[in-house]
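What's in model.txt: compact mmCIF, C-alpha atoms
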```
# COMPACT_ATOMS: atom_id res chain seq x y z
CA ARG A 11 268.29 181.26 158.15
CA PHE A 12 265.20 182.69 156.57
CA ILE A 13 264.10 185.11 159.30
CA ASP A 14 265.64 188.56 159.35
CA THR A 15 263.99 189.93 162.48
CA VAL A 16 262.64 188.29 165.60
CA VAL A 17 260.06 190.36 167.45
CA PRO A 18 259.55 189.15 171.01
CA ALA A 19 256.00 189.04 172.37
CA ALA A 20 254.84 188.74 175.96
CA GLY A 21 253.12 185.50 174.98
CA THR A 22 251.18 183.66 172.29
CA LYS A 23 247.95 185.56 173.08
CA GLU A 24 249.70 188.87 172.43
CA ALA A 25 251.32 187.58 169.23
CA GLU A 26 248.00 186.31 167.87
CA THR A 27 246.16 189.47 168.94
CA ALA A 28 248.79 191.58 167.15
CA LYS A 29 247.84 189.84 163.89
CA LEU A 30 244.14 190.37 164.68
CA LEU A 31 244.81 194.06 165.35
CA GLU A 32 246.63 194.48 162.03
CA ASN A 33 243.87 192.77 160.04
CA THR A 34 241.17 194.69 161.92
CA TYR A 35 242.99 197.96 161.23
CA ARG A 36 242.98 197.19 157.51
CA HIS A 37 239.35 196.01 157.52
CA ILE A 38 238.16 199.19 159.25
CA ASN A 39 240.23 201.53 157.08
CA ILE A 40 239.05 199.83 153.88
CA ALA A 41 235.48 200.33 155.12
CA LEU A 42 236.25 204.00 155.83
CA VAL A 43 237.50 204.65 152.32
CA ASN A 44 234.68 202.59 150.79
CA GLU A 45 232.12 204.69 152.61
CA MET A 46 233.95 207.86 151.56
CA ALA A 47 233.83 206.63 147.95
CA ARG A 48 230.05 206.58 148.13
CA PHE A 49 229.52 210.09 149.45
CA CYS A 50 232.41 211.60 147.46
CA HIS A 51 230.75 210.26 144.31
CA GLU A 52 227.45 211.85 145.30
CA LEU A 53 229.16 215.15 146.17
CA ASP A 54 231.22 215.11 142.94
CA ILE A 55 234.54 214.95 144.82
CA ASP A 56 237.48 213.07 143.29
CA LEU A 57 238.37 210.65 146.10
CA TRP A 58 241.51 209.46 144.31
CA ASN A 59 242.79 213.04 144.32
CA VAL A 60 241.76 213.39 147.98
CA ILE A 61 243.82 210.30 148.85
CA ASP A 62 246.81 211.62 146.87
CA LEU A 63 246.58 214.90 148.75
CA ALA A 64 246.28 213.18 152.14
CA ARG A 65 249.38 211.09 151.31
CA THR A 66 251.47 214.28 151.24
CA LYS A 67 251.30 214.45 155.05
CA PRO A 68 254.73 213.24 156.18
CA PHE A 69 253.40 211.12 159.06
CA GLY A 70 250.27 209.47 160.42
CA PHE A 71 248.50 208.64 157.16
CA GLN A 72 248.44 205.34 155.28
CA ALA A 73 246.60 205.30 151.98
CA PHE A 74 243.73 202.87 151.53
CA TYR A 75 241.76 202.69 148.28
CA PRO A 76 238.10 201.97 147.57
CA GLY A 77 237.04 198.74 145.96
CA PRO A 78 234.25 196.19 145.67
CA GLY A 79 234.83 194.86 149.18
CA VAL A 80 237.51 192.92 151.02
CA GLY A 81 238.85 189.47 150.35
CA GLY A 82 241.45 186.95 151.31
CA HIS A 83 241.90 184.53 154.12
CA CYS A 84 242.51 187.17 156.82
CA ILE A 85 240.79 190.53 156.47
CA PRO A 86 237.17 189.45 155.96
CA ILE A 87 237.48 186.63 158.49
CA ASP A 88 239.83 187.46 161.37
CA PRO A 89 238.17 190.73 162.50
CA ASN A 90 234.76 189.06 162.45
CA TYR A 91 236.10 186.15 164.46
CA LEU A 92 237.48 188.66 166.96
CA SER A 93 234.14 190.51 167.07
CA TYR A 94 232.26 187.25 167.61
CA ASN A 95 234.66 186.28 170.37
CA VAL A 96 234.25 189.65 172.12
CA ARG A 97 230.47 189.41 171.90
CA THR A 98 230.22 185.81 173.12
CA ARG A 99 232.91 185.93 175.81
CA LEU A 100 232.47 189.49 177.07
CA GLY A 101 228.84 190.19 176.20
CA TYR A 102 229.21 193.40 174.20
CA PRO A 103 229.78 194.22 170.53
CA PHE A 104 232.98 195.25 168.80
CA ARG A 105 231.14 198.01 166.99
CA PHE A 106 233.96 199.19 164.70
CA VAL A 107 234.32 195.71 163.21
CA GLU A 108 230.58 195.17 162.88
CA LEU A 109 230.15 198.49 161.10
CA ALA A 110 233.15 197.84 158.85
CA GLN A 111 231.71 194.44 157.95
CA GLU A 112 228.36 196.02 157.14
CA ILE A 113 229.94 198.64 154.87
CA ASN A 114 232.35 196.28 153.10
CA ALA A 115 229.66 193.61 152.59
CA THR A 116 227.48 196.11 150.69
CA MET A 117 230.20 197.17 148.26
CA PRO A 118 229.71 194.48 145.57
CA THR A 119 226.06 195.47 145.18
CA TYR A 120 226.99 199.15 145.28
CA VAL A 121 229.56 198.65 142.50
CA ALA A 122 227.03 196.68 140.43
CA HIS A 123 224.50 199.50 140.75
CA ARG A 124 227.17 202.05 139.83
CA ALA A 125 227.82 200.04 136.65
CA GLN A 126 224.06 199.94 136.01
CA ASN A 127 223.83 203.73 136.45
CA ILE A 128 226.76 204.33 134.10
CA LEU A 129 225.13 202.16 131.43
CA ASN A 130 221.77 203.89 131.97
CA ALA A 131 223.42 207.31 131.59
CA ASP A 132 224.52 206.21 128.11
CA GLY A 133 221.04 204.88 127.30
CA LEU A 134 222.07 201.26 127.69
CA ALA A 135 220.48 198.53 129.76
CA THR A 136 222.39 196.31 132.14
CA LYS A 137 220.20 193.41 131.03
CA GLY A 138 221.95 191.90 128.03
CA ALA A 139 225.09 194.06 128.41
CA THR A 140 228.44 192.30 128.34
CA ILE A 141 230.63 193.40 131.23
CA LEU A 142 234.30 192.55 131.53
CA LEU A 143 235.60 192.08 135.08
CA LEU A 144 239.30 192.80 135.32
CA GLY A 145 240.91 190.75 138.06
CA VAL A 146 238.94 188.27 140.14
CA THR A 147 241.35 187.55 142.96
CA TYR A 148 241.29 189.62 146.11
CA LYS A 149 244.57 191.43 145.34
CA PRO A 150 246.90 191.86 142.35
CA ASP A 151 249.40 189.33 141.07
CA ILE A 152 248.15 186.27 142.96
CA THR A 153 246.02 183.23 142.17
CA ASP A 154 244.29 183.15 145.56
CA GLN A 155 240.56 183.81 145.22
CA ARG A 156 239.49 183.15 148.82
CA GLU A 157 236.63 185.43 149.87
CA SER A 158 237.11 187.55 146.74
CA PRO A 159 234.42 190.23 146.45
CA ALA A 160 234.45 189.57 142.70
CA VAL A 161 232.15 186.59 143.30
CA ASP A 162 229.48 188.74 144.97
CA LEU A 163 229.96 191.46 142.36
CA ALA A 164 229.48 188.91 139.58
CA LYS A 165 226.34 187.58 141.25
CA ALA A 166 224.90 191.11 141.56
CA LEU A 167 225.65 191.86 137.89
CA ILE A 168 224.16 188.53 136.76
CA ASP A 169 221.07 189.29 138.85
CA LEU A 170 220.79 192.58 136.92
CA GLY A 171 220.85 190.58 133.66
CA ALA A 172 224.43 191.27 132.56
CA HIS A 173 226.55 188.80 130.62
CA LEU A 174 229.97 188.57 132.19
CA THR A 175 233.45 187.82 131.01
CA TYR A 176 236.61 188.21 133.04
CA HIS A 177 240.30 188.68 132.56
CA ASP A 178 242.87 187.77 135.17
CA PRO A 179 246.29 186.58 134.03
CA HIS A 180 246.59 184.46 137.18
CA VAL A 181 243.22 182.67 136.93
CA SER A 182 242.59 180.34 133.98
CA THR A 183 239.00 179.34 134.90
CA TRP A 184 236.54 181.09 137.16
CA SER A 185 232.99 180.58 138.31
CA ALA A 186 230.76 182.73 140.47
CA ASN A 187 227.85 181.18 142.35
CA GLY A 188 227.69 178.21 140.00
CA HIS A 189 228.02 180.29 136.82
CA LEU A 190 231.10 179.51 134.74
CA ILE A 191 232.30 182.91 133.56
CA PRO A 192 234.14 182.93 130.21
CA ARG A 193 237.70 184.26 130.19
CA ALA A 194 238.45 187.13 127.83
```

Give the structure from the file, written as structure tokens.
Amino acid sequence: RFIDTVVPAAGTKEAETAKLLENTYRHINIALVNEMARFCHELDIDLWNVIDLARTKPFGFQAFYPGPGVGGHCIPIDPNYLSYNVRTRLGYPFRFVELAQEINATMPTYVAHRAQNILNADGLATKGATILLLGVTYKPDITDQRESPAVDLAKALIDLGAHLTYHDPHVSTWSANGHLIPRA
């Protein structure tokens, strides 16, 4: 036996929709914290501290952390499939998912421009700068790179003229949009 718990469902539609709900929940909450990262930065508020403080509530809060987008085989795909299905079969949008997708899709470019602004603040240009990307998979300690936002981040940095290297102990070779990125 390899299954510890069996959870009965009313049917296969409910079981599949439960997985869609869980992935959609994560997609939307990642978008929420990514959008908060943007305005907290502009308002000079330490979002990491805000999240730590919110985690002290004994119930009802699950911490999500900002990042360069979402990746993997589920989160960036399943909620959008669900949204498409709602729109085509029922004729109206699944607005939370569409907004979450919009926010999360802009994060690689946002992160690239944040890096550009940090370099500019030190009197350095992004063009010609060498930037090390740490981790290129969509989550820690895996080799899976499906839908990793690191690819779009790398493209945005290359478009700004940066020279990239990467380090990920689980990925021996990596390319982004046809550019072989050297491993550091």

Check which residues of range 143-175 of chain A sit at most 7 Å from range 79-96 of chain A using only C-alpha atoms, and return one row each with the closest pair of atoms and their distance in Å to one decimal, ordered by chain and rising number, as a Markdown table.
```
| residue | atom | partner | partner_atom | distance |
| --- | --- | --- | --- | --- |
| A:Tyr148 | CA | A:Gly81 | CA | 4.9 |
| A:Gln155 | CA | A:Gly82 | CA | 6.9 |
| A:Arg156 | CA | A:Gly82 | CA | 4.9 |
| A:Glu157 | CA | A:Gly81 | CA | 4.6 |
| A:Ser158 | CA | A:Gly81 | CA | 4.4 |
| A:Pro159 | CA | A:Gly79 | CA | 5.4 |
```

Could you work out how far CA of Thr175 in chain A lies from CA of Ile152 in chain A, giving the answer in Å with one decimal?
-> 19.0 Å

Please provide the set of residues having any atom within 10 Å of Leu143 in chain A, restricted to all atoms listed in the file, with same-chain residues fewer than 2 positions apart removed, written as a ChimeraX atom specification.
-> /A:140-141,145-146,160,163-164,174-178,191,193-194

Output file for the residues above (C-alpha atoms, as a PDB file, in the coordinates of the input):
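The result, stored in part_2.pdb:
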```
ATOM      1  CA  THR A 140     228.440 192.300 128.340  1.00  0.00           C
ATOM      2  CA  ILE A 141     230.630 193.400 131.230  1.00  0.00           C
ATOM      3  CA  GLY A 145     240.910 190.750 138.060  1.00  0.00           C
ATOM      4  CA  VAL A 146     238.940 188.270 140.140  1.00  0.00           C
ATOM      5  CA  ALA A 160     234.450 189.570 142.700  1.00  0.00           C
ATOM      6  CA  LEU A 163     229.960 191.460 142.360  1.00  0.00           C
ATOM      7  CA  ALA A 164     229.480 188.910 139.580  1.00  0.00           C
ATOM      8  CA  LEU A 174     229.970 188.570 132.190  1.00  0.00           C
ATOM      9  CA  THR A 175     233.450 187.820 131.010  1.00  0.00           C
ATOM     10  CA  TYR A 176     236.610 188.210 133.040  1.00  0.00           C
ATOM     11  CA  HIS A 177     240.300 188.680 132.560  1.00  0.00           C
ATOM     12  CA  ASP A 178     242.870 187.770 135.170  1.00  0.00           C
ATOM     13  CA  ILE A 191     232.300 182.910 133.560  1.00  0.00           C
ATOM     14  CA  ARG A 193     237.700 184.260 130.190  1.00  0.00           C
ATOM     15  CA  ALA A 194     238.450 187.130 127.830  1.00  0.00           C
TER      16      ALA A 194
END
```

Atom pair CA of Glu32 in chain A + CA of Val107 in chain A, distance 12.4 Å
